[in-house]
Amino acid sequence: MAELDIPKATSPLATWLTYLENLHTSAIDLGLDRVKAVAERADLIHLKPYVITVAGTNGKGSTCALLESILLQAGYTVGVYSSPHLVRYSERVRINGQELADNEHSQAFSVIDALRGDISLSFFEFGTLAALQLFKQHQPDVILLEVGLGGRLDATNVVEHDIAIVTSLAIDHVDWLGDDINQIGFEKAGIFRSGKPAICGQPVPPATVAAHADDIGAKLYQVGYQFTYHQDGTQWHWSSGAFDLPNLPVPSLPLANAATAIMALGASTLDISDRDIEFGLRNAKLSGRMQVLADQPYTLLDVAHNPHSAEYLANKIAEIKQDRTVRAVVGMLKDKDIAATLEALKPVVNHWYPASLTGPRAATAQELAQHLSLSDDDCFATPNDALTKAREDASDDDVIIVFGSFHTVGQVIEANT
């Protein structure tokens with residue numbers, strides 16, 4: 001590979017992102033040796049004062065958003081690192097709910113690039129280290145780290161954190177994590193730490209999760225055992241045995257993730273009141289998760305992209321469907337379980353609008369159409385083209401859902417907001 005021109009600390013963020021995309025031979029390169037070496041040079045292993053790391057097949061972003069909302073209500077300053085982004089790279093780092101300026105990202109990239117020497121880093125590894133550098137500079141009271149892929153070998157796992165959360169466990173990223181749910185459980189549980197709280201929000205997880213917690217002496221809090229919750233109409237109730245939280249407001253984000261977030265805060269040394277939890281639940285939101293784009297026709301955006309998240313989405317659509325017609329705009333990546341994801345939504349969708357995405361991992365609309373018994377005439381070049389047609393076909397009483405990928409939802413958000 002030809003030698004790349006190294007951007008400067010003052011270079012535009014877009015220049016840095018192009019540099020990062022061409023720096024490493026593989027977009028995904030699991031393993032901690034390279035990233036840990038650079039993290040040690042940058043003094044990023046022990047970030048203070050409090051770090052919570054969140055892994056899981058689905059629900060990581062929602063759990064971080066719920067934690068963020070409650071912690072901000074409690075008066076803490078909060079940093080969040082998440083991925084991927086929907087529209088702008090700067091979405092990946094938030095301080096007190098706000099994105100940072102592009103030039104701050106460029107400066108952080110410059111610091112990491114200078115420290116890495118001849119160590120090659122993937123795009124995600126480089127971005128993770130730059131995010132940690134930004135947190136080191138801003139010094140928020142609490143840092144929330146969303147794991148990118150797996151857990152044990154993910155770049156975020158170089159940080160010594162205070163609490164580990166596994167939100168859910170399902171088969172996804174087969175090329176990297178395999179199709180053995182026990183192995184996936186072990187990989188996600190790889191973020192657990194000896195003597196530290198480890199929260200698992202997956203009901204009946206594979207035995208490898210508890211086994212790993214036992215092996216290293218982590219303090220496991222398992223839903224259904226150490227904490228429980230149930231919904232009662234427009235309210236819900238949470239209990240850990242030690243204390244109860246009755247009559248909580250139902251958040252706009254999944255209840256399972258809210259219950260898991262509350263357990264994490266309960267197991268922490270952070271000062272959180274019942275009132276902080278109530279207000280935080282009401283205010284928590286996250287772009288691309290059951291996001292309402294329009295009221296007539298009622299248009300929802302959701303990044304559901306695997307069977308587990310598609311089942312949740314199907315249940316939410318069923319709640320609002322009644323006798324309304326549902327039109328689905330879908331674009332997916334070809335390395336996802338397309339057949340099972342679409343199958344989960346077939347019972348609630350009346351009309352489909354498959355769209356092509358771009359890039360080496362993108363599935364074409366025609367590939368999606370094969371699973372939906374549609375012809376090439378029913379396919380669209382882009383998600384926005386598909387949404388335009390869905391709107392033309394829809395009455396004001398219809399429901400339109402846009403889903404299938406961060407790329408799909410991101411393109412629609414960028415063009416319609």
# chains A, B, ... in the order shown; residues from 1 in each chain; ligands from 1
call {"tool": "residues_around", "arguments": {"residues": "Gly61 (chain A)", "least_positions_apart": "4", "cutoff": "10 Å", "atoms": "only C-alpha atoms", "output": "CSV table (one decimal) with N, CA and C atoms, in the first residue's frame"}}
result
chain,number,residue,atom,x,y,z
A,54,VAL,N,-20.7,-1.3,28.2
A,54,VAL,CA,-21.9,-1.9,27.8
A,54,VAL,C,-21.7,-2.8,26.6
A,55,ALA,N,-21.9,-4.1,26.7
A,55,ALA,CA,-21.9,-5.0,25.6
A,55,ALA,C,-23.3,-5.6,25.4
A,56,GLY,N,-23.4,-6.3,24.2
A,56,GLY,CA,-24.7,-7.0,24.0
A,56,GLY,C,-25.0,-7.0,22.5
A,65,ALA,N,-28.1,5.4,26.5
A,65,ALA,CA,-28.9,6.6,26.5
A,65,ALA,C,-29.7,6.7,27.8
A,66,LEU,N,-30.2,5.6,28.3
A,66,LEU,CA,-31.0,5.6,29.6
A,66,LEU,C,-30.1,5.9,30.8
A,67,LEU,N,-28.9,5.3,30.8
A,67,LEU,CA,-28.0,5.6,31.9
A,67,LEU,C,-27.6,7.1,31.8
A,80,VAL,N,-20.2,9.8,26.7
A,80,VAL,CA,-20.7,8.5,26.0
A,80,VAL,C,-20.0,8.3,24.7
A,81,TYR,N,-19.5,7.1,24.6
A,81,TYR,CA,-18.9,6.7,23.3
A,81,TYR,C,-19.8,5.6,22.7
A,82,SER,N,-20.3,5.8,21.5
A,82,SER,CA,-21.2,4.8,20.8
A,82,SER,C,-20.8,4.7,19.4
A,83,SER,N,-21.3,3.6,18.7
A,83,SER,CA,-21.1,3.4,17.3
A,83,SER,C,-22.1,2.4,16.8
A,84,PRO,N,-22.3,2.4,15.5
A,84,PRO,CA,-21.9,3.3,14.5
A,84,PRO,C,-22.7,4.6,14.6
A,145,LEU,N,-19.1,3.5,27.9
A,145,LEU,CA,-18.5,2.9,26.7
A,145,LEU,C,-19.3,1.8,26.1
A,146,GLU,N,-19.7,2.0,24.8
A,146,GLU,CA,-20.5,1.0,24.1
A,146,GLU,C,-19.5,0.1,23.3
A,147,VAL,N,-19.6,-1.2,23.6
A,147,VAL,CA,-18.7,-2.1,22.9
A,147,VAL,C,-19.1,-2.2,21.4
A,167,THR,N,-26.3,-6.5,27.7
A,167,THR,CA,-27.8,-6.2,27.6
A,167,THR,C,-28.6,-7.4,27.1
A,253,LEU,N,-37.7,4.0,25.1
A,253,LEU,CA,-36.8,3.0,24.8
A,253,LEU,C,-37.1,1.6,25.5
A,257,ASN,N,-34.0,-2.8,28.7
A,257,ASN,CA,-32.8,-2.0,28.8
A,257,ASN,C,-32.9,-1.1,30.0
A,286,LEU,N,-33.2,8.3,21.9
A,286,LEU,CA,-32.0,8.0,21.0
A,286,LEU,C,-32.4,8.0,19.6
A,287,SER,N,-31.7,8.7,18.8
A,287,SER,CA,-32.0,8.8,17.3
A,287,SER,C,-32.0,7.4,16.7
A,289,ARG,N,-34.1,4.9,17.1
A,289,ARG,CA,-34.8,3.9,17.9
A,289,ARG,C,-36.2,4.3,18.1
call {"tool": "closest_residue", "arguments": {"among": "A:Glu187, A:Val111, A:Asp337, A:Arg324", "to": "Pro307 (chain A)", "atoms": "only C-alpha atoms"}}
result
A:Asp337
call {"tool": "select_by_dssp", "arguments": {"residues": "region 124-322 of chain A", "states": "strand (DSSP E or B)", "output": "number ranges by chain"}}
result
A: 142-146, 163-166, 197-200, 219-223, 227-232, 235-239, 244-249, 291-295, 298-301
call {"tool": "select_by_dssp", "arguments": {"residues": "region 178-234 of chain A", "states": "alpha helix (DSSP H)", "output": "ChimeraX atom specification"}}
result
/A:181-188,207-216
call {"tool": "residues_around", "arguments": {"residues": "Asn58 (chain A)", "least_positions_apart": "6", "cutoff": "10 Å", "atoms": "only C-alpha atoms", "output": "list in words"}}
result
Val166, Thr167, Ser168, Leu169, Ala170, Asp172, Asn257, Ala304, His305, Asn306, His308 and Ser309 of chain A
call {"tool": "closest_residue", "arguments": {"among": "A:Val158, A:Leu44, A:Leu387, A:Leu220", "to": "Thr299 (chain A)", "atoms": "only C-alpha atoms"}}
result
A:Leu387
call {"tool": "closest_residue", "arguments": {"among": "A:Ala328, A:Ala259, A:Val349, A:Ala210", "to": "Ser240 (chain A)", "atoms": "only C-alpha atoms"}}
result
A:Ala259
call {"tool": "closest_residue", "arguments": {"among": "A:Phe192, A:Tyr50, A:Phe403, A:Tyr221", "to": "Asn384 (chain A)", "atoms": "only C-alpha atoms"}}
result
A:Phe403
call {"tool": "closest_residue", "arguments": {"among": "A:Leu345, A:Ala198, A:Ala108, A:Cys64", "to": "Thr128 (chain A)", "atoms": "only C-alpha atoms"}}
result
A:Ala108
call {"tool": "closest_residue", "arguments": {"among": "A:Asp33, A:Glu91, A:Asp154, A:Asp377", "to": "Ala131 (chain A)", "atoms": "only C-alpha atoms"}}
result
A:Glu91
call {"tool": "residues_around", "arguments": {"residues": "region 360-371 of chain A", "least_positions_apart": "5", "cutoff": "9 Å", "atoms": "only C-alpha atoms", "output": "JSON, numbers by chain"}}
result
{"A": [330, 331, 332, 333, 334, 335, 338, 339, 342, 343, 352, 353, 354, 355, 376, 378, 379, 380, 381, 382]}
call {"tool": "write_last_selection", "arguments": {"atoms": "C-alpha atoms", "output": "mmCIF file, in the first residue's frame"}}
result
data_model
loop_
_atom_site.group_PDB
_atom_site.id
_atom_site.type_symbol
_atom_site.label_atom_id
_atom_site.label_comp_id
_atom_site.auth_asym_id
_atom_site.auth_seq_id
_atom_site.Cartn_x
_atom_site.Cartn_y
_atom_site.Cartn_z
ATOM 1 C CA VAL A 330 -36.011 -1.806 4.290
ATOM 2 C CA GLY A 331 -32.312 -1.735 3.399
ATOM 3 C CA MET A 332 -29.839 -4.207 4.907
ATOM 4 C CA LEU A 333 -26.250 -5.383 4.894
ATOM 5 C CA LYS A 334 -25.646 -8.742 3.244
ATOM 6 C CA ASP A 335 -23.714 -10.167 6.208
ATOM 7 C CA ILE A 338 -31.739 -11.180 6.115
ATOM 8 C CA ALA A 339 -34.213 -14.046 5.837
ATOM 9 C CA LEU A 342 -37.605 -10.060 7.349
ATOM 10 C CA GLU A 343 -39.568 -13.118 8.472
ATOM 11 C CA TRP A 352 -42.710 -3.810 1.251
ATOM 12 C CA TYR A 353 -40.308 -1.299 -0.333
ATOM 13 C CA PRO A 354 -36.845 -2.926 -0.511
ATOM 14 C CA ALA A 355 -33.943 -0.550 -1.142
ATOM 15 C CA ASP A 376 -37.362 -6.221 -9.629
ATOM 16 C CA ASP A 378 -40.744 -3.449 -6.644
ATOM 17 C CA CYS A 379 -37.121 -2.483 -5.876
ATOM 18 C CA PHE A 380 -35.594 0.927 -5.205
ATOM 19 C CA ALA A 381 -32.112 2.343 -5.698
ATOM 20 C CA THR A 382 -31.975 4.094 -2.311
#
call {"tool": "atom_distance", "arguments": {"atom1": "CA of Ile199 (chain A)", "atom2": "CA of Ile165 (chain A)"}}
result
4.6 Å
